[in-house]
Amino acid sequence: KADAARKEWLREVEGNSIRILYELTRHLDDDSPNESKNRLLAKFLEGDCEKCDRVVELCLKYDERARLAEYQFYRSDEADELEQTGAVEIELAALNAKLRGGGDILHRVCAIASFASTGSKRCHEHILEQLETQNAGMAVLKKALGEFAVLLDDGDQKQQLSGYLAAL
């Protein structure tokens with residue numbers, strides 16, 4: 001029980017840390033005081049781009065979790081029941097399962113990676129290289145950002161994600 005509780009706690013801390021960092025990247029721009037945006041981008045470059053490596057690792061981890069959750073939903077009895085009754089659109093229920101399974105964090109961590117990628121050429125090159133090393137590519141980021149943007153109402157957040165998509 002203690003080991004399971006510790007794993008759950010670590011998962012929550014990781015998720016909360018990603019949410020906080022995402023919010024930070026959402027609100028920093030070129031007009032932020034004390035060159036805050038550039039200072040955060042510089043953090044991604046420290047230690048031979050270790051933070052870029054970590055953000056790629058997290059993107060791939062949560063992409064896998066979200067895909068697995070969606071796959072498991074489609075294979076579940078719940079999906080069969082929803083399809084038979086037609087009470088809820090099955091794609092919407094699958095998206096909900098995907099978001100609960102890691103898609104929500106995936107969207108945010110890919111937005112963080114896009115912040116770094118679009119803000120620094122060196123980060124972009126490093127992130128792309130790391131994705132390609134894992135047999136992935138910028139398509140992972142683009143797909144997650146596109147899905148995230150579709151879920152949002154028009155506004156600053158959606159506009160920022162669209163800017164990332166255009167720049168990637």
# chains A, B, ... in the order shown; residues from 1 in each chain; ligands from 1
>>> residues_around(residues="Leu40 (chain A)", least_positions_apart="2", cutoff="10 Å", atoms="only C-alpha atoms", output="list in words")
Leu21, Leu24, Thr25, Leu28, Glu35, Ser36, Lys37, Asn38, Ala42, Lys43, Phe44, Leu45, Phe115, Ala116 and Gly119 of chain A
>>> write_last_selection(atoms="all heavy atoms", output="tab-separated table (two decimals), in the first residue's frame")
chain	number	residue	atom	x	y	z
A	21	LEU	N	4.17	24.67	-14.90
A	21	LEU	CA	5.10	25.12	-15.94
A	21	LEU	C	4.34	25.54	-17.20
A	21	LEU	O	4.68	26.53	-17.84
A	21	LEU	CB	6.12	24.03	-16.27
A	21	LEU	CG	7.23	24.41	-17.25
A	21	LEU	CD1	7.98	25.67	-16.79
A	21	LEU	CD2	8.19	23.25	-17.43
A	24	LEU	N	2.99	28.95	-16.66
A	24	LEU	CA	4.08	29.91	-16.76
A	24	LEU	C	4.38	30.23	-18.22
A	24	LEU	O	4.49	31.40	-18.60
A	24	LEU	CB	5.32	29.37	-16.05
A	24	LEU	CG	6.52	30.29	-15.92
A	24	LEU	CD1	6.16	31.55	-15.16
A	24	LEU	CD2	7.65	29.56	-15.22
A	25	THR	N	4.48	29.20	-19.06
A	25	THR	CA	4.77	29.43	-20.48
A	25	THR	C	3.61	30.16	-21.16
A	25	THR	O	3.83	30.90	-22.11
A	25	THR	CB	5.05	28.11	-21.24
A	25	THR	OG1	3.91	27.27	-21.21
A	25	THR	CG2	6.26	27.40	-20.65
A	28	LEU	N	4.10	34.08	-20.20
A	28	LEU	CA	5.34	34.80	-20.49
A	28	LEU	C	5.38	35.17	-21.97
A	28	LEU	O	5.06	34.36	-22.83
A	28	LEU	CB	6.57	33.94	-20.17
A	28	LEU	CG	6.85	33.69	-18.71
A	28	LEU	CD1	8.08	32.79	-18.55
A	28	LEU	CD2	7.08	34.99	-17.96
A	35	GLU	N	13.15	40.15	-18.60
A	35	GLU	CA	13.47	39.14	-19.62
A	35	GLU	C	13.09	37.74	-19.15
A	35	GLU	O	13.82	36.76	-19.37
A	35	GLU	CB	14.94	39.21	-20.01
A	35	GLU	CG	15.32	40.51	-20.68
A	35	GLU	CD	16.72	40.51	-21.23
A	35	GLU	OE1	17.27	39.42	-21.51
A	35	GLU	OE2	17.27	41.60	-21.40
A	36	SER	N	11.96	37.63	-18.51
A	36	SER	CA	11.51	36.36	-17.92
A	36	SER	C	11.40	35.25	-18.95
A	36	SER	O	11.78	34.10	-18.68
A	36	SER	CB	10.16	36.54	-17.23
A	36	SER	OG	10.25	37.52	-16.23
A	37	LYS	N	10.86	35.56	-20.11
A	37	LYS	CA	10.71	34.53	-21.14
A	37	LYS	C	12.08	33.99	-21.56
A	37	LYS	O	12.27	32.77	-21.62
A	37	LYS	CB	9.98	35.10	-22.37
A	37	LYS	CG	9.80	34.09	-23.47
A	37	LYS	CD	9.09	34.70	-24.66
A	37	LYS	CE	9.00	33.70	-25.81
A	37	LYS	NZ	8.40	34.28	-27.00
A	38	ASN	N	13.02	34.87	-21.81
A	38	ASN	CA	14.37	34.44	-22.22
A	38	ASN	C	15.07	33.67	-21.11
A	38	ASN	O	15.81	32.72	-21.37
A	38	ASN	CB	15.21	35.63	-22.66
A	38	ASN	CG	14.72	36.21	-23.97
A	38	ASN	OD1	14.12	35.52	-24.78
A	38	ASN	ND2	14.96	37.49	-24.18
A	42	ALA	N	16.35	29.89	-21.40
A	42	ALA	CA	17.74	29.54	-21.09
A	42	ALA	C	17.81	28.31	-20.18
A	42	ALA	O	18.75	27.51	-20.28
A	42	ALA	CB	18.44	30.72	-20.43
A	43	LYS	N	16.81	28.14	-19.32
A	43	LYS	CA	16.77	26.95	-18.45
A	43	LYS	C	16.70	25.66	-19.26
A	43	LYS	O	17.26	24.64	-18.87
A	43	LYS	CB	15.59	27.01	-17.48
A	43	LYS	CG	15.70	28.07	-16.43
A	43	LYS	CD	16.74	27.70	-15.43
A	43	LYS	CE	16.82	28.71	-14.31
A	43	LYS	NZ	17.97	28.46	-13.45
A	44	PHE	N	15.99	25.71	-20.39
A	44	PHE	CA	15.89	24.52	-21.24
A	44	PHE	C	17.23	24.17	-21.87
A	44	PHE	O	17.44	23.03	-22.27
A	44	PHE	CB	14.84	24.73	-22.34
A	44	PHE	CG	13.43	24.59	-21.84
A	44	PHE	CD1	12.71	25.69	-21.45
A	44	PHE	CD2	12.83	23.34	-21.75
A	44	PHE	CE1	11.41	25.57	-20.98
A	44	PHE	CE2	11.54	23.21	-21.29
A	44	PHE	CZ	10.82	24.32	-20.90
A	45	LEU	N	18.12	25.13	-21.97
A	45	LEU	CA	19.43	24.91	-22.61
A	45	LEU	C	20.51	24.48	-21.63
A	45	LEU	O	21.55	23.97	-22.04
A	45	LEU	CB	19.87	26.19	-23.34
A	45	LEU	CG	18.96	26.63	-24.49
A	45	LEU	CD1	19.34	28.02	-24.96
A	45	LEU	CD2	19.01	25.62	-25.63
A	115	PHE	N	6.72	25.72	-26.69
A	115	PHE	CA	7.22	27.00	-26.19
A	115	PHE	C	8.74	27.04	-26.34
A	115	PHE	O	9.31	28.00	-26.86
A	115	PHE	CB	6.83	27.17	-24.72
A	115	PHE	CG	7.52	28.30	-24.01
A	115	PHE	CD1	7.02	29.60	-24.09
A	115	PHE	CD2	8.66	28.08	-23.24
A	115	PHE	CE1	7.66	30.65	-23.43
A	115	PHE	CE2	9.30	29.11	-22.58
A	115	PHE	CZ	8.80	30.41	-22.67
A	116	ALA	N	9.41	25.98	-25.90
A	116	ALA	CA	10.87	25.93	-25.98
A	116	ALA	C	11.32	25.87	-27.43
A	116	ALA	O	12.26	26.56	-27.83
A	116	ALA	CB	11.40	24.72	-25.21
A	119	GLY	N	10.75	29.18	-29.22
A	119	GLY	CA	11.47	30.29	-28.60
A	119	GLY	C	12.97	30.24	-28.78
A	119	GLY	O	13.66	31.24	-28.61
>>> residues_around(residues="Leu95 (chain A)", least_positions_apart="2", cutoff="10 Å", atoms="only C-alpha atoms", output="number ranges by chain")
A: 66, 69-70, 73, 90-93, 97-101, 103, 147
>>> select_by_dssp(residues="region 84-161 of chain A", states="helix (DSSP H, G or I)", output="ChimeraX atom specification")
/A:84-85,90-119,121-133,138-151,156-161
>>> atom_distance(atom1="CA of Lys143 (chain A)", atom2="CA of Ala113 (chain A)")
12.9 Å
>>> residues_around(residues="His126 (chain A)", least_positions_apart="4", cutoff="12 Å", atoms="only C-alpha atoms", output="list in words")
Phe44, Leu45, Asp48, Cys49, Glu50, Lys51, Cys52, Asp53, Arg54, Val55, Val56, Ala113, Ala116, Ser117, Thr118, Ser120, Lys121, Arg122, Gln130, Leu131, Glu132, Thr133, Gly137 and Met138 of chain A
>>> write_last_selection(atoms="N, CA and C atoms", output="PDB file, in the first residue's frame")
ATOM      1  N   PHE A  44      15.993  25.712 -20.392  1.00  0.00           N
ATOM      2  CA  PHE A  44      15.892  24.525 -21.239  1.00  0.00           C
ATOM      3  C   PHE A  44      17.226  24.167 -21.873  1.00  0.00           C
ATOM      4  N   LEU A  45      18.124  25.134 -21.975  1.00  0.00           N
ATOM      5  CA  LEU A  45      19.426  24.912 -22.614  1.00  0.00           C
ATOM      6  C   LEU A  45      20.509  24.484 -21.627  1.00  0.00           C
ATOM      7  N   ASP A  48      23.463  20.769 -21.045  1.00  0.00           N
ATOM      8  CA  ASP A  48      23.375  20.056 -22.325  1.00  0.00           C
ATOM      9  C   ASP A  48      21.923  19.729 -22.674  1.00  0.00           C
ATOM     10  N   CYS A  49      21.057  20.685 -22.463  1.00  0.00           N
ATOM     11  CA  CYS A  49      19.625  20.588 -22.822  1.00  0.00           C
ATOM     12  C   CYS A  49      18.883  19.475 -22.072  1.00  0.00           C
ATOM     13  N   GLU A  50      19.245  19.249 -20.816  1.00  0.00           N
ATOM     14  CA  GLU A  50      18.601  18.193 -20.026  1.00  0.00           C
ATOM     15  C   GLU A  50      17.092  18.393 -19.906  1.00  0.00           C
ATOM     16  N   LYS A  51      16.657  19.647 -19.785  1.00  0.00           N
ATOM     17  CA  LYS A  51      15.222  19.895 -19.640  1.00  0.00           C
ATOM     18  C   LYS A  51      14.486  19.637 -20.949  1.00  0.00           C
ATOM     19  N   CYS A  52      15.141  19.872 -22.068  1.00  0.00           N
ATOM     20  CA  CYS A  52      14.552  19.501 -23.366  1.00  0.00           C
ATOM     21  C   CYS A  52      14.406  17.986 -23.443  1.00  0.00           C
ATOM     22  N   ASP A  53      15.426  17.277 -22.990  1.00  0.00           N
ATOM     23  CA  ASP A  53      15.359  15.815 -22.976  1.00  0.00           C
ATOM     24  C   ASP A  53      14.186  15.343 -22.128  1.00  0.00           C
ATOM     25  N   ARG A  54      14.026  15.951 -20.973  1.00  0.00           N
ATOM     26  CA  ARG A  54      12.951  15.544 -20.058  1.00  0.00           C
ATOM     27  C   ARG A  54      11.579  15.847 -20.645  1.00  0.00           C
ATOM     28  N   VAL A  55      11.437  16.989 -21.297  1.00  0.00           N
ATOM     29  CA  VAL A  55      10.139  17.340 -21.865  1.00  0.00           C
ATOM     30  C   VAL A  55       9.787  16.381 -23.018  1.00  0.00           C
ATOM     31  N   VAL A  56      10.775  15.953 -23.789  1.00  0.00           N
ATOM     32  CA  VAL A  56      10.530  14.970 -24.851  1.00  0.00           C
ATOM     33  C   VAL A  56      10.128  13.636 -24.224  1.00  0.00           C
ATOM     34  N   ALA A 113       6.886  21.966 -24.644  1.00  0.00           N
ATOM     35  CA  ALA A 113       7.921  21.642 -25.631  1.00  0.00           C
ATOM     36  C   ALA A 113       7.861  22.610 -26.809  1.00  0.00           C
ATOM     37  N   ALA A 116       9.409  25.983 -25.896  1.00  0.00           N
ATOM     38  CA  ALA A 116      10.871  25.926 -25.984  1.00  0.00           C
ATOM     39  C   ALA A 116      11.322  25.871 -27.435  1.00  0.00           C
ATOM     40  N   SER A 117      10.633  25.066 -28.223  1.00  0.00           N
ATOM     41  CA  SER A 117      11.007  24.870 -29.622  1.00  0.00           C
ATOM     42  C   SER A 117      10.858  26.135 -30.454  1.00  0.00           C
ATOM     43  N   THR A 118       9.788  26.866 -30.220  1.00  0.00           N
ATOM     44  CA  THR A 118       9.548  28.077 -31.006  1.00  0.00           C
ATOM     45  C   THR A 118      10.323  29.273 -30.460  1.00  0.00           C
ATOM     46  N   SER A 120      13.499  29.059 -29.114  1.00  0.00           N
ATOM     47  CA  SER A 120      14.941  28.884 -29.233  1.00  0.00           C
ATOM     48  C   SER A 120      15.256  27.894 -30.355  1.00  0.00           C
ATOM     49  N   LYS A 121      16.048  28.343 -31.289  1.00  0.00           N
ATOM     50  CA  LYS A 121      16.433  27.466 -32.406  1.00  0.00           C
ATOM     51  C   LYS A 121      17.194  26.246 -31.883  1.00  0.00           C
ATOM     52  N   ARG A 122      18.044  26.465 -30.905  1.00  0.00           N
ATOM     53  CA  ARG A 122      18.817  25.354 -30.338  1.00  0.00           C
ATOM     54  C   ARG A 122      17.900  24.337 -29.644  1.00  0.00           C
ATOM     55  N   GLN A 130      15.898  14.604 -30.465  1.00  0.00           N
ATOM     56  CA  GLN A 130      15.490  13.622 -29.446  1.00  0.00           C
ATOM     57  C   GLN A 130      14.236  12.863 -29.865  1.00  0.00           C
ATOM     58  N   LEU A 131      13.296  13.560 -30.480  1.00  0.00           N
ATOM     59  CA  LEU A 131      12.091  12.884 -30.976  1.00  0.00           C
ATOM     60  C   LEU A 131      12.446  11.869 -32.055  1.00  0.00           C
ATOM     61  N   GLU A 132      13.316  12.267 -32.959  1.00  0.00           N
ATOM     62  CA  GLU A 132      13.713  11.365 -34.037  1.00  0.00           C
ATOM     63  C   GLU A 132      14.490  10.163 -33.497  1.00  0.00           C
ATOM     64  N   THR A 133      15.275  10.372 -32.454  1.00  0.00           N
ATOM     65  CA  THR A 133      16.001   9.268 -31.812  1.00  0.00           C
ATOM     66  C   THR A 133      15.014   8.225 -31.286  1.00  0.00           C
ATOM     67  N   GLY A 137       8.581  12.311 -34.141  1.00  0.00           N
ATOM     68  CA  GLY A 137       8.913  13.564 -34.805  1.00  0.00           C
ATOM     69  C   GLY A 137       8.029  14.665 -34.263  1.00  0.00           C
ATOM     70  N   MET A 138       8.127  15.811 -34.898  1.00  0.00           N
ATOM     71  CA  MET A 138       7.323  16.956 -34.466  1.00  0.00           C
ATOM     72  C   MET A 138       5.832  16.684 -34.611  1.00  0.00           C
TER      73      MET A 138
END
>>> atom_distance(atom1="CA of Cys59 (chain A)", atom2="CA of Asn34 (chain A)")
29.3 Å
>>> residues_around(residues="Gly163 (chain A)", least_positions_apart="4", cutoff="12 Å", atoms="only C-alpha atoms", output="count of residues only")
17
>>> closest_residue(among="A:Ala144, A:Ala139, A:Val150, A:Glu64", to="Gly102 (chain A)", atoms="only C-alpha atoms")
A:Glu64
>>> closest_residue(among="A:Tyr62, A:Tyr164, A:Tyr74, A:Trp9", to="Asp104 (chain A)", atoms="only C-alpha atoms")
A:Tyr62
>>> atom_distance(atom1="CA of Cys110 (chain A)", atom2="CA of Lys7 (chain A)")
23.0 Å
>>> residues_around(residues="region 15-20 of chain A", least_positions_apart="6", cutoff="7 Å", atoms="only C-alpha atoms", output="PyMOL selection string")
chain A and resi 105+108-109
>>> closest_residue(among="A:Ala4, A:Leu82, A:Leu10, A:Leu60", to="Ile127 (chain A)", atoms="only C-alpha atoms")
A:Leu60
>>> closest_residue(among="A:His27, A:Glu81, A:Val140, A:Gln134", to="Arg67 (chain A)", atoms="only C-alpha atoms")
A:Val140
